[in-house]
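Here is the structure we will look at, set down as structure tokens.
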2 protein chains.
Amino acid sequence: MTKIALAIHGGCGVMPENSMTPEEWEGARRDLGAALRAGYALLKAGGSAINAVEAAVVVMENSPHFNAGHGAALNENGVHELDASIMDGATLEAGAISASHAIRNPVKAARLLMEDGRAVYMTGPAADRFAEEKGLPVEPQSYFTTQKRVDALQAMKRHAAAGTEGTENEKHGTVGAVALDAAGHLAAATSTGGYTNKPDGRVGDSPVIGAGTYARDGVCAVSGTGKGEFFIRYVVGHEIASRMAYLKQDIATATDGLINHDLAPHQIGAGLVALDAEGVVAAPYNTPGMFRGWVTPEGKAFVATHEEVFEVEL
Amino acid sequence: MTKIALAIHGGCGVMPENSMTPEEWEGARRDLGAALRAGYALLKAGGSAINAVEAAVVVMENSPHFNAGHGAALNENGVHELDASIMDGATLEAGAISASHAIRNPVKAARLLMEDGRAVYMTGPAADRFAEEKGLPVEPQSYFTTQKRVDALQAMKRHAAAGTEGTENEKHGTVGAVALDAAGHLAAATSTGGYTNKPDGRVGDSPVIGAGTYARDGVCAVSGTGKGEFFIRYVVGHEIASRMAYLKQDIATATDGLINHDLAPHQIGAGLVALDAEGVVAAPYNTPGMFRGWVTPEGKAFVATHEEVFEVEL
């Protein structure tokens, strides 16, 4: 069988152990495993990388443990504004949505926009209407809200009032997936609620093709997490692809170069998952932890939140 | 004196001679000249590239002849939705605005967002509120509307109803500027109303850093015009920078490669202006015409709409 590969992330940050209950850590790992299974089942059956990344991201959007879809962060007005994108490395086709208030699964809207062709990128209420018109479930804001995100917003408001810094755990989060299918095609997808207490209307890197999401057959697929403003300025996804394609760097070198060298002076949280054209995985992060998972070429699946790695059933 | 350089565009397209009156062609060239003068005066006085590109773009936003600010295209709902961005090659700092309905000069809002630091990218009504809060003039929709754009929307609606193609002239348009200052810094800025009859909420490449706007000291500055969806998918600005930095292509080769090779199979209108770190200008386009202008290292200024080039006073 031709090589297939999948890697996912559920956001990076400080993630101190006491920030979640043992049940929540367990639940997050379980849902990472479920996301891997959803994507890998498709790849294993000969399905496309673009379908696999969409399926994996949908599982994480539906999980309360990650900052996307249900469980998304609240902005400064206590509103969920959701961003997502998807890119097919075979065709360089892409779809992106920003500032959605209602789409249950923003990555599905990005995918449908990619296929619809009327635009690559759509923002605001029009994106919500597009999703609804296409038959995707739209939800009231309350669907996206969890008590954890309400508490996080209150904590960040207190920090803002006191002039203190919130923990990275309160600030970051995004979900994403990258896949290589049996036909040799790469794809990437990313979805996020942004960060807690983000400015109204703020758009991060998740819907910016080339920054938070990028895929090109024969080179790499990348999905980022962290302080999106810097991913935009450094065009992180496409920069990694450029160093691999033109400087012949391997994926470990190229991704490490961005996360641990180029972005380092800014002292921001940053991480990503990436795959090269042979299915080699890279998942660097500069924070104490990153929710992540991957499947080895031998078909073994692993999930992790910090250093310790857990094998999971596929 | 150290080298300084400036290049601008006011959009590309078929631009048949009968699509504008002689007075309009004259007015468009006059306003291109005014944009060059506004940017060049700053550079000549030792001002920064970022100030120069902003000043040049403001002149074109204020002109009725170009599709940005006053004179912007109308979307499918007869609404002006404005996108803009700016990037400082010295710091890789950037600011971007999408789907503004009210900001008189979107490039100024992008610049203020860049300096404000609360975000790199802001969309929708929040962007309008940000601009107003910063003291920028906001306008009713009627400020942006010209009879020409009303007619163009009607024409495109007729084409859509009849299943015929509108001319490129009715469809394209964007303004942009790139500059090199005496300190050796590069900058780029882009502003647009999108295209006539564009879908509600559609965002093109103009606010996408790496796609329609990109600048990095020592490499290049790029501002694009054309079918933005493809500029996003090909990450055009950053791709040009990557080929120059990593493949050591010169600016003519790198920009020609994107416009006349990579994008060619898609048969879409595309053009751009770019500067390298030595102030060498490239202004390729694959359409019959592109509104454009530049200043030579000797301080001579030229504007053009098609092949013929007109020298203008600085």
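Ordering of the structure tokens sets the chain letters (A, B, ...), residue numbers begin anew at 1 in every chain, and ligands are numbered from 1 in the order given.
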
Set the cut-off to 6 Å and count only C-alpha atoms: what are the residues of chain B that reach chain A? Output as a ChimeraX atom specification.
/B:92,120-123,126,200-203,229,233,246

Using only C-alpha atoms, which protein or nucleic acid residues come within 7 Å of region 53-59 of chain A? Drop anything in the same chain fewer than 3 positions from it, and give the result as a PyMOL selection string.
chain A and resi 34-36+38-39+49-50+62-63+105+107-108+175-179+187-189

Taking 2 positions as the minimum chain separation for residues in the same chain, which residues sit within 12 Å of Thr253 (chain A) when counting only C-alpha atoms? Answer as a count of residues only.
22

When DSSP works through the backbone of this structure, what residues of region 116-273 of chain A end up as alpha helix (DSSP H), shown as a count of residues only?
58

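Across A:His159, A:His101, A:His70, A:Lys300, the tightest approach to Asp83 (chain A) is made by A:His101 when counting only C-alpha atoms.
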
Minimum-distance residue to His9 (chain B), chosen among B:Leu42, B:Ala161, B:Val219, B:Leu32 (using only C-alpha atoms)
B:Leu32

Give me every strand (DSSP E) residue in region 73-146 of chain A, going by DSSP on the backbone, as a PyMOL selection string.
chain A and resi 82-88+93-100+121-123

Give me the residues near region 133-146 of chain B as a PDB file with N, CA and C atoms, in the first residue's frame, where near means some atom within 10 Å (using only C-alpha atoms) and where sequence neighbours in that chain fewer than 2 positions away do not count.
ATOM      1  N   GLU B  61      -7.176  56.019  -3.626  1.00  0.00           N
ATOM      2  CA  GLU B  61      -8.463  55.782  -2.966  1.00  0.00           C
ATOM      3  C   GLU B  61      -9.397  56.987  -3.127  1.00  0.00           C
ATOM      4  N   ASN B  62      -8.826  58.176  -3.101  1.00  0.00           N
ATOM      5  CA  ASN B  62      -9.648  59.382  -3.203  1.00  0.00           C
ATOM      6  C   ASN B  62     -10.082  59.697  -4.634  1.00  0.00           C
ATOM      7  N   PRO B  64     -11.855  59.047  -8.216  1.00  0.00           N
ATOM      8  CA  PRO B  64     -12.995  58.255  -8.707  1.00  0.00           C
ATOM      9  C   PRO B  64     -12.576  57.265  -9.795  1.00  0.00           C
ATOM     10  N   HIS B  65     -11.357  57.379 -10.293  1.00  0.00           N
ATOM     11  CA  HIS B  65     -10.961  56.576 -11.450  1.00  0.00           C
ATOM     12  C   HIS B  65     -10.530  55.161 -11.098  1.00  0.00           C
ATOM     13  N   ASN B  67     -10.678  51.582  -8.462  1.00  0.00           N
ATOM     14  CA  ASN B  67     -11.593  50.766  -7.670  1.00  0.00           C
ATOM     15  C   ASN B  67     -11.070  50.584  -6.248  1.00  0.00           C
ATOM     16  N   ALA B  68     -11.188  51.642  -5.476  1.00  0.00           N
ATOM     17  CA  ALA B  68     -10.786  51.635  -4.061  1.00  0.00           C
ATOM     18  C   ALA B  68     -11.279  52.945  -3.468  1.00  0.00           C
ATOM     19  N   GLY B  69     -11.742  52.930  -2.243  1.00  0.00           N
ATOM     20  CA  GLY B  69     -12.261  54.153  -1.626  1.00  0.00           C
ATOM     21  C   GLY B  69     -13.370  54.738  -2.489  1.00  0.00           C
ATOM     22  N   HIS B  70     -13.328  56.059  -2.721  1.00  0.00           N
ATOM     23  CA  HIS B  70     -14.299  56.708  -3.613  1.00  0.00           C
ATOM     24  C   HIS B  70     -14.135  56.125  -5.023  1.00  0.00           C
ATOM     25  N   GLY B  71     -15.230  55.569  -5.532  1.00  0.00           N
ATOM     26  CA  GLY B  71     -15.136  54.913  -6.843  1.00  0.00           C
ATOM     27  C   GLY B  71     -14.978  53.410  -6.745  1.00  0.00           C
ATOM     28  N   ALA B  72     -15.119  52.859  -5.550  1.00  0.00           N
ATOM     29  CA  ALA B  72     -14.988  51.403  -5.370  1.00  0.00           C
ATOM     30  C   ALA B  72     -16.142  50.673  -6.056  1.00  0.00           C
ATOM     31  N   ALA B  73     -15.875  49.428  -6.419  1.00  0.00           N
ATOM     32  CA  ALA B  73     -16.893  48.579  -7.048  1.00  0.00           C
ATOM     33  C   ALA B  73     -18.013  48.265  -6.063  1.00  0.00           C
ATOM     34  N   LEU B  74     -19.177  47.928  -6.614  1.00  0.00           N
ATOM     35  CA  LEU B  74     -20.332  47.511  -5.819  1.00  0.00           C
ATOM     36  C   LEU B  74     -20.460  45.991  -5.857  1.00  0.00           C
ATOM     37  N   GLY B  78     -25.185  45.584  -4.200  1.00  0.00           N
ATOM     38  CA  GLY B  78     -25.068  47.023  -4.398  1.00  0.00           C
ATOM     39  C   GLY B  78     -24.386  47.716  -3.240  1.00  0.00           C
ATOM     40  N   VAL B  79     -23.560  46.966  -2.522  1.00  0.00           N
ATOM     41  CA  VAL B  79     -22.875  47.489  -1.335  1.00  0.00           C
ATOM     42  C   VAL B  79     -21.368  47.553  -1.612  1.00  0.00           C
ATOM     43  N   HIS B  80     -20.727  48.585  -1.081  1.00  0.00           N
ATOM     44  CA  HIS B  80     -19.272  48.667  -1.137  1.00  0.00           C
ATOM     45  C   HIS B  80     -18.691  47.926   0.061  1.00  0.00           C
ATOM     46  N   GLU B  81     -17.864  46.947  -0.188  1.00  0.00           N
ATOM     47  CA  GLU B  81     -17.126  46.266   0.886  1.00  0.00           C
ATOM     48  C   GLU B  81     -15.646  46.407   0.549  1.00  0.00           C
ATOM     49  N   LEU B  82     -14.925  47.068   1.426  1.00  0.00           N
ATOM     50  CA  LEU B  82     -13.566  47.511   1.124  1.00  0.00           C
ATOM     51  C   LEU B  82     -12.526  46.704   1.890  1.00  0.00           C
ATOM     52  N   SER B 100     -14.858  46.380   5.108  1.00  0.00           N
ATOM     53  CA  SER B 100     -15.267  47.674   5.667  1.00  0.00           C
ATOM     54  C   SER B 100     -16.378  48.272   4.805  1.00  0.00           C
ATOM     55  N   HIS B 101     -17.344  48.876   5.453  1.00  0.00           N
ATOM     56  CA  HIS B 101     -18.430  49.536   4.727  1.00  0.00           C
ATOM     57  C   HIS B 101     -18.313  51.045   4.798  1.00  0.00           C
ATOM     58  N   ALA B 102     -17.359  51.555   5.507  1.00  0.00           N
ATOM     59  CA  ALA B 102     -17.443  52.978   5.846  1.00  0.00           C
ATOM     60  C   ALA B 102     -16.120  53.743   5.888  1.00  0.00           C
ATOM     61  N   ILE B 103     -15.001  53.060   5.895  1.00  0.00           N
ATOM     62  CA  ILE B 103     -13.738  53.787   6.092  1.00  0.00           C
ATOM     63  C   ILE B 103     -13.347  54.515   4.808  1.00  0.00           C
ATOM     64  N   ARG B 104     -13.231  55.828   4.911  1.00  0.00           N
ATOM     65  CA  ARG B 104     -12.926  56.643   3.723  1.00  0.00           C
ATOM     66  C   ARG B 104     -11.618  56.186   3.074  1.00  0.00           C
ATOM     67  N   ASN B 105     -10.612  55.971   3.866  1.00  0.00           N
ATOM     68  CA  ASN B 105      -9.315  55.508   3.370  1.00  0.00           C
ATOM     69  C   ASN B 105      -8.902  54.221   4.092  1.00  0.00           C
ATOM     70  N   PRO B 106      -9.313  53.099   3.553  1.00  0.00           N
ATOM     71  CA  PRO B 106      -9.011  51.829   4.230  1.00  0.00           C
ATOM     72  C   PRO B 106      -7.524  51.598   4.489  1.00  0.00           C
ATOM     73  N   LYS B 108      -5.397  53.716   5.421  1.00  0.00           N
ATOM     74  CA  LYS B 108      -5.024  54.405   6.669  1.00  0.00           C
ATOM     75  C   LYS B 108      -5.440  53.589   7.889  1.00  0.00           C
ATOM     76  N   ALA B 109      -6.577  52.914   7.786  1.00  0.00           N
ATOM     77  CA  ALA B 109      -7.021  52.065   8.892  1.00  0.00           C
ATOM     78  C   ALA B 109      -6.076  50.881   9.053  1.00  0.00           C
ATOM     79  N   LEU B 112      -3.013  52.197  10.786  1.00  0.00           N
ATOM     80  CA  LEU B 112      -3.234  52.451  12.215  1.00  0.00           C
ATOM     81  C   LEU B 112      -3.377  51.150  12.996  1.00  0.00           C
ATOM     82  N   LEU B 113      -3.970  50.139  12.367  1.00  0.00           N
ATOM     83  CA  LEU B 113      -4.083  48.840  13.036  1.00  0.00           C
ATOM     84  C   LEU B 113      -2.691  48.237  13.240  1.00  0.00           C
ATOM     85  N   ASP B 116      -1.267  50.143  16.081  1.00  0.00           N
ATOM     86  CA  ASP B 116      -2.008  49.928  17.321  1.00  0.00           C
ATOM     87  C   ASP B 116      -1.565  48.644  18.006  1.00  0.00           C
ATOM     88  N   ALA B 127     -13.988  46.698  12.177  1.00  0.00           N
ATOM     89  CA  ALA B 127     -12.940  47.469  11.501  1.00  0.00           C
ATOM     90  C   ALA B 127     -13.392  48.916  11.319  1.00  0.00           C
ATOM     91  N   ASP B 128     -14.661  49.084  10.954  1.00  0.00           N
ATOM     92  CA  ASP B 128     -15.188  50.447  10.814  1.00  0.00           C
ATOM     93  C   ASP B 128     -15.149  51.184  12.153  1.00  0.00           C
ATOM     94  N   ARG B 129     -15.536  50.478  13.225  1.00  0.00           N
ATOM     95  CA  ARG B 129     -15.511  51.114  14.549  1.00  0.00           C
ATOM     96  C   ARG B 129     -14.085  51.445  14.975  1.00  0.00           C
ATOM     97  N   PHE B 130     -13.154  50.540  14.671  1.00  0.00           N
ATOM     98  CA  PHE B 130     -11.744  50.803  14.990  1.00  0.00           C
ATOM     99  C   PHE B 130     -11.278  52.100  14.318  1.00  0.00           C
ATOM    100  N   ALA B 131     -11.605  52.228  13.037  1.00  0.00           N
ATOM    101  CA  ALA B 131     -11.172  53.417  12.286  1.00  0.00           C
ATOM    102  C   ALA B 131     -11.766  54.690  12.897  1.00  0.00           C
ATOM    103  N   LYS B 148     -20.387  55.448 -12.583  1.00  0.00           N
ATOM    104  CA  LYS B 148     -19.694  54.411 -13.361  1.00  0.00           C
ATOM    105  C   LYS B 148     -19.850  53.033 -12.701  1.00  0.00           C
ATOM    106  N   ARG B 149     -19.751  52.990 -11.390  1.00  0.00           N
ATOM    107  CA  ARG B 149     -19.851  51.699 -10.693  1.00  0.00           C
ATOM    108  C   ARG B 149     -21.295  51.208 -10.645  1.00  0.00           C
ATOM    109  N   VAL B 150     -22.222  52.133 -10.576  1.00  0.00           N
ATOM    110  CA  VAL B 150     -23.645  51.757 -10.630  1.00  0.00           C
ATOM    111  C   VAL B 150     -23.943  51.135 -11.994  1.00  0.00           C
ATOM    112  N   ASP B 151     -23.446  51.782 -13.049  1.00  0.00           N
ATOM    113  CA  ASP B 151     -23.647  51.260 -14.402  1.00  0.00           C
ATOM    114  C   ASP B 151     -22.980  49.896 -14.562  1.00  0.00           C
ATOM    115  N   ALA B 152     -21.788  49.773 -13.988  1.00  0.00           N
ATOM    116  CA  ALA B 152     -21.051  48.507 -14.121  1.00  0.00           C
ATOM    117  C   ALA B 152     -21.805  47.373 -13.444  1.00  0.00           C
ATOM    118  N   GLY B 193     -12.008  47.738  -3.787  1.00  0.00           N
ATOM    119  CA  GLY B 193     -13.431  47.479  -3.602  1.00  0.00           C
ATOM    120  C   GLY B 193     -13.803  46.097  -4.088  1.00  0.00           C
TER     121      GLY B 193
END

I'd like the neighbourhood of region 267-269 of chain A as a compact mmCIF listing (two decimals) with N, CA, C and O atoms, in the first residue's frame, where a residue qualifies if any of its atoms comes within 9 Å (using only C-alpha atoms), though same-chain residues fewer than 3 positions away should be ignored.
# COMPACT_ATOMS: atom_id res chain seq x y z
N CYS A 12 -1.71 24.87 21.19
CA CYS A 12 -0.54 24.83 22.07
C CYS A 12 -0.69 25.87 23.17
O CYS A 12 -1.52 26.76 23.08
N GLY A 13 0.10 25.73 24.23
CA GLY A 13 0.04 26.70 25.32
C GLY A 13 0.80 26.20 26.53
O GLY A 13 1.48 25.17 26.48
N VAL A 14 0.66 26.94 27.63
CA VAL A 14 1.32 26.54 28.87
C VAL A 14 0.66 25.27 29.42
O VAL A 14 1.32 24.34 29.85
N GLU A 168 -0.85 31.38 29.16
CA GLU A 168 -0.98 31.01 27.75
C GLU A 168 -2.17 30.10 27.55
O GLU A 168 -2.84 30.12 26.52
N HIS A 172 -4.50 30.75 24.18
CA HIS A 172 -4.32 30.12 22.87
C HIS A 172 -5.29 29.01 22.55
O HIS A 172 -6.06 28.57 23.38
N THR A 225 -0.76 26.73 15.05
CA THR A 225 -1.47 27.17 16.26
C THR A 225 -0.54 28.10 17.03
O THR A 225 0.68 27.90 17.06
N GLY A 226 -1.13 29.11 17.65
CA GLY A 226 -0.31 30.06 18.41
C GLY A 226 -0.76 31.46 18.11
O GLY A 226 -1.89 31.68 17.66
N LYS A 227 0.08 32.41 18.39
CA LYS A 227 -0.27 33.82 18.22
C LYS A 227 -0.35 34.12 16.73
O LYS A 227 0.66 34.39 16.07
N PHE A 230 1.58 36.62 14.26
CA PHE A 230 2.94 36.36 13.81
C PHE A 230 2.97 35.34 12.68
O PHE A 230 3.83 35.40 11.80
N ILE A 259 9.52 27.89 14.00
CA ILE A 259 9.01 27.92 15.38
C ILE A 259 10.10 28.32 16.38
O ILE A 259 9.85 29.13 17.27
N LEU A 263 10.49 32.84 14.84
CA LEU A 263 9.47 33.39 15.74
C LEU A 263 9.99 33.58 17.16
O LEU A 263 9.36 34.27 17.97
N ALA A 264 11.13 32.98 17.48
CA ALA A 264 11.63 32.99 18.86
C ALA A 264 11.80 34.39 19.46
O ALA A 264 11.41 34.61 20.61
N TYR A 285 6.69 22.73 18.81
CA TYR A 285 5.99 23.78 19.55
C TYR A 285 6.98 24.35 20.55
O TYR A 285 7.90 23.66 21.00
N ASN A 286 6.81 25.61 20.88
CA ASN A 286 7.74 26.28 21.79
C ASN A 286 7.12 26.53 23.15
O ASN A 286 7.68 27.27 23.96
N THR A 287 5.95 25.96 23.38
CA THR A 287 5.23 26.11 24.65
C THR A 287 5.40 24.83 25.46
O THR A 287 5.86 23.82 24.92

Of the candidates A:Lys44, A:His185, A:Arg158, A:Arg29, which one gets nearest to Met60 (chain A) if we count only C-alpha atoms?
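Ranking A:Lys44, A:His185, A:Arg158, A:Arg29 by distance to Met60 (chain A), first place goes to A:Arg29.
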
Take CA of Ala162 (chain B) and CA of Pro16 (chain B) and report the distance between them in Å, one decimal.
21.6 Å

So which one's closest to Pro297 (chain A), A:Asn197, A:Leu180, A:Pro22, A:Glu132? Using only C-alpha atoms, please.
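Among the listed residues, the smallest separation from Pro297 (chain A) belongs to A:Leu180.
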
Selection near Phe302 (chain B), 10 Å with only C-alpha atoms, sequence-local residues under 3 positions removed, as a count of residues only:
17

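Residues surrounding Ser206 (chain B) within 8 Å are Asp83, Ala84, Ser85, Thr174, Thr190, Ser191, Thr192, Gly212, Thr213, Gly224 and Gly228 of chain B [only C-alpha atoms; sequence separation below 6 positions excluded].
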